[in-house]
Each structure stands twice: as structure tokens, then as C-alpha cells.
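These notes concern the structure reproduced below.
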Amino acid sequence: MRYEELTGLVQARAQLPDRQSAERAIRATLETLAERIPGGLADHMAAQLPQEAGEPLRRVAAAHEGTPEERAHRRDHGERFDLTGFAGRVAWRTEHTEEEALREAAAFFEVLDSAVDPELMEKLYGVLPSDIRGLLPEARAE
């Protein structure tokens, strides 16, 4: 999937006013996701997305700070936060309300489901807590 197609689909599904809003929602969701999931999974996901979309995943996964032990833990497991934390981080990055952030993230996850390998989405489903998994498309969230 090309980046223009990805942003256009997110814009339409999230009912955003323009492409820049869609790009902001994509970037915010991917940056937050990269904080939550293991670094290896973030790298695999980035490899299956257009370069512009994969960049936030790579950048955040590579930028984890802390002691060597903390960086290793985040690389292998990701940070631990729930849906409230996820919504807050996406909202902060998009400068929207948490409700809007969750709507935009859910729209992005619908598009992501068609953009990457189904096996990768299953892995993503497996590492997210149940409350964040609820943002994934219905077929994956069951």
C-alpha cells in the first residue's frame, strides 16, 4: 500500500478534514504503539508499511532511553500502559481529545489490518492488553 492510499483511507474512515490530520493521527498512533510493543515487532511492522509511515515506529523503537536493562526490557516487551495511557498519549500527540484520539486510532488500525500481513496483526493482537485490543478490527479483537 502506498503512503497516499494509507493516509487517504485513514482520513476517510476517521472522517478527518484533511490529509495533514490523517498524517498526524497515523504518526501519533504509530509512535504510541511503538512505545507499547516489543521493538522487534515494531521493526517488522515498519518494514511492511510505506517508508513515511514506518519511520515513526523505527524512530521510537530506536530511541528508548534508560539503563541498558530498561532498554533491553522495552525492546523485548514494550512499555506497560493501558487504554487510558494509550488514549492520553495519542491525544497529546494529535492535540485532540482522548475520545477523538481513540476514534482516529481505531480507524488507523482498520487500515493497518489491510496493509500488513495477517500474521503480523495476530502478533500485534497477542502483545496488546485486552482494552487496547478493542481498538483493533472486530475480526482480530475476538
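Identifiers in this document derive from the order of the C-alpha cells: chains are assigned A, B, ..., residues are numbered from 1 separately in each chain, and ligands are numbered from 1 in order of occurrence.
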Check the DSSP output for the backbone and give back, as JSON, numbers by chain, the residues of chain A in alpha helix (DSSP H). {"A": [3, 4, 5, 6, 7, 8, 9, 10, 11, 12, 13, 14, 19, 20, 21, 22, 23, 24, 25, 26, 27, 28, 29, 30, 31, 32, 33, 34, 35, 36, 39, 40, 41, 42, 43, 44, 45, 46, 47, 48, 51, 52, 53, 54, 55, 56, 57, 58, 59, 60, 61, 62, 68, 69, 70, 71, 72, 73, 74, 75, 76, 77, 83, 84, 85, 86, 87, 88, 89, 90, 91, 92, 93, 94, 98, 99, 100, 101, 102, 103, 104, 105, 106, 107, 108, 109, 110, 111, 112, 113, 114, 115, 118, 119, 120, 121, 122, 123, 124, 125, 126, 127, 130, 131, 132, 133, 138, 139, 140, 141]}
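Atom to atom, CA of Val10 (chain A) and CA of Ala22 (chain A) stand 5.9 Å apart.
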Selection near Thr7 (chain A), 9 Å with only C-alpha atoms, sequence-local residues under 2 positions removed, as a ChimeraX atom specification: /A:2-5,9-12,19-20,22-23,26,108
Would you save the residues of that selection, restricted to C-alpha atoms, as a compact mmCIF listing (two decimals), in the first residue's frame?
# COMPACT_ATOMS: atom_id res chain seq x y z
CA ARG A 2 1.32 3.44 -0.91
CA TYR A 3 1.51 6.20 1.69
CA GLU A 4 -1.03 8.37 -0.15
CA GLU A 5 -3.51 5.49 -0.14
CA LEU A 9 -8.11 5.66 3.85
CA VAL A 10 -7.41 6.86 7.39
CA GLN A 11 -8.77 10.30 6.54
CA ALA A 12 -11.97 8.78 5.16
CA ARG A 19 -4.63 14.72 4.76
CA GLN A 20 -2.46 16.50 7.35
CA ALA A 22 -4.70 11.88 8.86
CA GLU A 23 -0.90 12.00 8.82
CA ILE A 26 -1.12 7.91 11.83
CA PHE A 108 -5.96 3.62 11.59
Nearest residue to Phe81 (chain A) from the set A:Ile132, A:Val116, A:Ala25, A:Val60 (distances using only C-alpha atoms):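 Ranking A:Ile132, A:Val116, A:Ala25, A:Val60 by distance to Phe81 (chain A), first place goes to A:Ile132.
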Need the shell around region 93-95 of chain A: protein/DNA/RNA residues with any atom at most 8 Å away, counting only C-alpha atoms. Skip same-chain ones fewer than 3 positions apart. Format as a VMD selection string? chain A and resid 24 to 25 28 89 to 90 101
Non-local contacts of region 36-45 of chain A (9 Å; only C-alpha atoms; under 3 positions in same chain excluded) as a ChimeraX atom specification: /A:30-33,48-49,54,57-58,60-62,73-81,86,116-117,120-121,123-124,127-128
Limited to N, CA, C and O atoms, could you put the picked residues into a file as a tab-separated table (two decimals), in the first residue's frame?
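Okay, this is what ended up in out38.tsv:
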chain	number	residue	atom	x	y	z
A	30	LEU	N	1.15	5.39	15.64
A	30	LEU	CA	2.33	4.53	15.47
A	30	LEU	C	3.40	4.81	16.52
A	30	LEU	O	4.04	3.88	17.01
A	31	GLU	N	3.60	6.08	16.87
A	31	GLU	CA	4.59	6.40	17.90
A	31	GLU	C	4.17	5.79	19.24
A	31	GLU	O	4.99	5.22	19.97
A	32	THR	N	2.89	5.89	19.56
A	32	THR	CA	2.39	5.34	20.81
A	32	THR	C	2.45	3.81	20.78
A	32	THR	O	2.85	3.18	21.76
A	33	LEU	N	2.09	3.23	19.65
A	33	LEU	CA	2.18	1.78	19.50
A	33	LEU	C	3.61	1.30	19.66
A	33	LEU	O	3.87	0.29	20.32
A	48	GLN	N	6.75	-3.41	6.73
A	48	GLN	CA	5.62	-3.71	5.86
A	48	GLN	C	4.79	-2.48	5.51
A	48	GLN	O	3.84	-2.57	4.74
A	49	LEU	N	5.15	-1.35	6.08
A	49	LEU	CA	4.42	-0.11	5.81
A	49	LEU	C	5.23	0.77	4.84
A	49	LEU	O	6.44	0.60	4.72
A	54	GLY	N	6.31	3.98	8.31
A	54	GLY	CA	7.16	3.13	9.16
A	54	GLY	C	8.18	3.90	9.96
A	54	GLY	O	8.64	3.44	11.01
A	57	LEU	N	7.64	4.35	13.79
A	57	LEU	CA	7.88	3.10	14.52
A	57	LEU	C	9.37	2.88	14.74
A	57	LEU	O	9.81	2.57	15.85
A	58	ARG	N	10.15	3.03	13.68
A	58	ARG	CA	11.60	2.82	13.78
A	58	ARG	C	12.24	3.83	14.73
A	58	ARG	O	13.07	3.47	15.56
A	60	VAL	N	10.95	5.67	17.25
A	60	VAL	CA	10.60	5.50	18.67
A	60	VAL	C	11.22	4.22	19.22
A	60	VAL	O	11.75	4.22	20.33
A	61	ALA	N	11.18	3.15	18.44
A	61	ALA	CA	11.77	1.89	18.90
A	61	ALA	C	13.28	2.05	19.15
A	61	ALA	O	13.82	1.48	20.10
A	62	ALA	N	13.94	2.85	18.33
A	62	ALA	CA	15.39	3.04	18.46
A	62	ALA	C	15.75	4.04	19.56
A	62	ALA	O	16.86	4.03	20.07
A	73	HIS	N	14.59	-4.39	28.21
A	73	HIS	CA	13.22	-4.79	28.56
A	73	HIS	C	12.21	-4.19	27.58
A	73	HIS	O	11.32	-4.89	27.10
A	74	ARG	N	12.35	-2.91	27.27
A	74	ARG	CA	11.42	-2.26	26.33
A	74	ARG	C	11.55	-2.88	24.94
A	74	ARG	O	10.55	-3.03	24.24
A	75	ARG	N	12.78	-3.21	24.53
A	75	ARG	CA	12.98	-3.82	23.22
A	75	ARG	C	12.26	-5.16	23.14
A	75	ARG	O	11.66	-5.51	22.14
A	76	ASP	N	12.30	-5.92	24.25
A	76	ASP	CA	11.70	-7.25	24.26
A	76	ASP	C	10.21	-7.24	24.62
A	76	ASP	O	9.48	-8.15	24.24
A	77	HIS	N	9.76	-6.24	25.40
A	77	HIS	CA	8.39	-6.28	25.91
A	77	HIS	C	7.57	-5.01	25.66
A	77	HIS	O	6.36	-5.06	25.73
A	78	GLY	N	8.22	-3.89	25.44
A	78	GLY	CA	7.49	-2.62	25.32
A	78	GLY	C	7.12	-2.08	26.69
A	78	GLY	O	7.25	-2.77	27.70
A	79	GLU	N	6.70	-0.84	26.72
A	79	GLU	CA	6.24	-0.23	27.97
A	79	GLU	C	4.88	-0.80	28.32
A	79	GLU	O	4.12	-1.19	27.45
A	80	ARG	N	4.56	-0.78	29.61
A	80	ARG	CA	3.25	-1.26	30.04
A	80	ARG	C	2.35	-0.07	30.33
A	80	ARG	O	2.64	0.73	31.22
A	81	PHE	N	1.30	0.08	29.54
A	81	PHE	CA	0.25	1.05	29.83
A	81	PHE	C	-1.03	0.54	29.21
A	81	PHE	O	-1.03	-0.26	28.29
A	86	PHE	N	-2.80	4.82	26.55
A	86	PHE	CA	-2.71	4.86	25.10
A	86	PHE	C	-3.46	6.08	24.57
A	86	PHE	O	-2.93	6.87	23.78
A	116	VAL	N	-0.87	-4.73	6.27
A	116	VAL	CA	0.22	-5.61	6.68
A	116	VAL	C	-0.24	-7.06	6.67
A	116	VAL	O	-1.44	-7.35	6.62
A	117	ASP	N	0.72	-7.96	6.76
A	117	ASP	CA	0.46	-9.39	6.76
A	117	ASP	C	-0.45	-9.77	7.92
A	117	ASP	O	-0.23	-9.31	9.04
A	120	LEU	N	1.25	-10.76	11.11
A	120	LEU	CA	1.78	-9.64	11.89
A	120	LEU	C	0.68	-9.02	12.77
A	120	LEU	O	0.92	-8.69	13.92
A	121	MET	N	-0.52	-8.91	12.22
A	121	MET	CA	-1.63	-8.39	13.03
A	121	MET	C	-1.95	-9.35	14.18
A	121	MET	O	-2.30	-8.90	15.26
A	123	LYS	N	0.22	-11.19	15.75
A	123	LYS	CA	1.27	-10.94	16.74
A	123	LYS	C	0.97	-9.67	17.52
A	123	LYS	O	1.15	-9.62	18.74
A	124	LEU	N	0.54	-8.63	16.81
A	124	LEU	CA	0.18	-7.38	17.47
A	124	LEU	C	-0.95	-7.63	18.48
A	124	LEU	O	-0.88	-7.19	19.62
A	127	VAL	N	0.26	-9.17	21.78
A	127	VAL	CA	1.09	-8.43	22.74
A	127	VAL	C	0.35	-7.26	23.40
A	127	VAL	O	0.85	-6.69	24.36
A	128	LEU	N	-0.82	-6.93	22.89
A	128	LEU	CA	-1.57	-5.81	23.46
A	128	LEU	C	-2.52	-6.29	24.55
A	128	LEU	O	-3.09	-7.37	24.45
Using only C-alpha atoms: which of A:Ser21, A:Asp113, A:Ala47, A:Ala14 has the shortest distance to Glu99 (chain A):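 Comparing A:Ser21, A:Asp113, A:Ala47, A:Ala14 against Glu99 (chain A), the winner is A:Ala14.
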When you draw a straight line from CA of Ala34 (chain A) to CA of Glu138 (chain A), how long is it in Å?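 Separation of CA of Ala34 (chain A) and CA of Glu138 (chain A): 21.8 Å.
With only C-alpha atoms as the atoms that count, the minimum distance from Gly85 (chain A) to the choices A:Glu104, A:Leu6, A:Tyr125, A:Glu35 is reached by A:Glu35.
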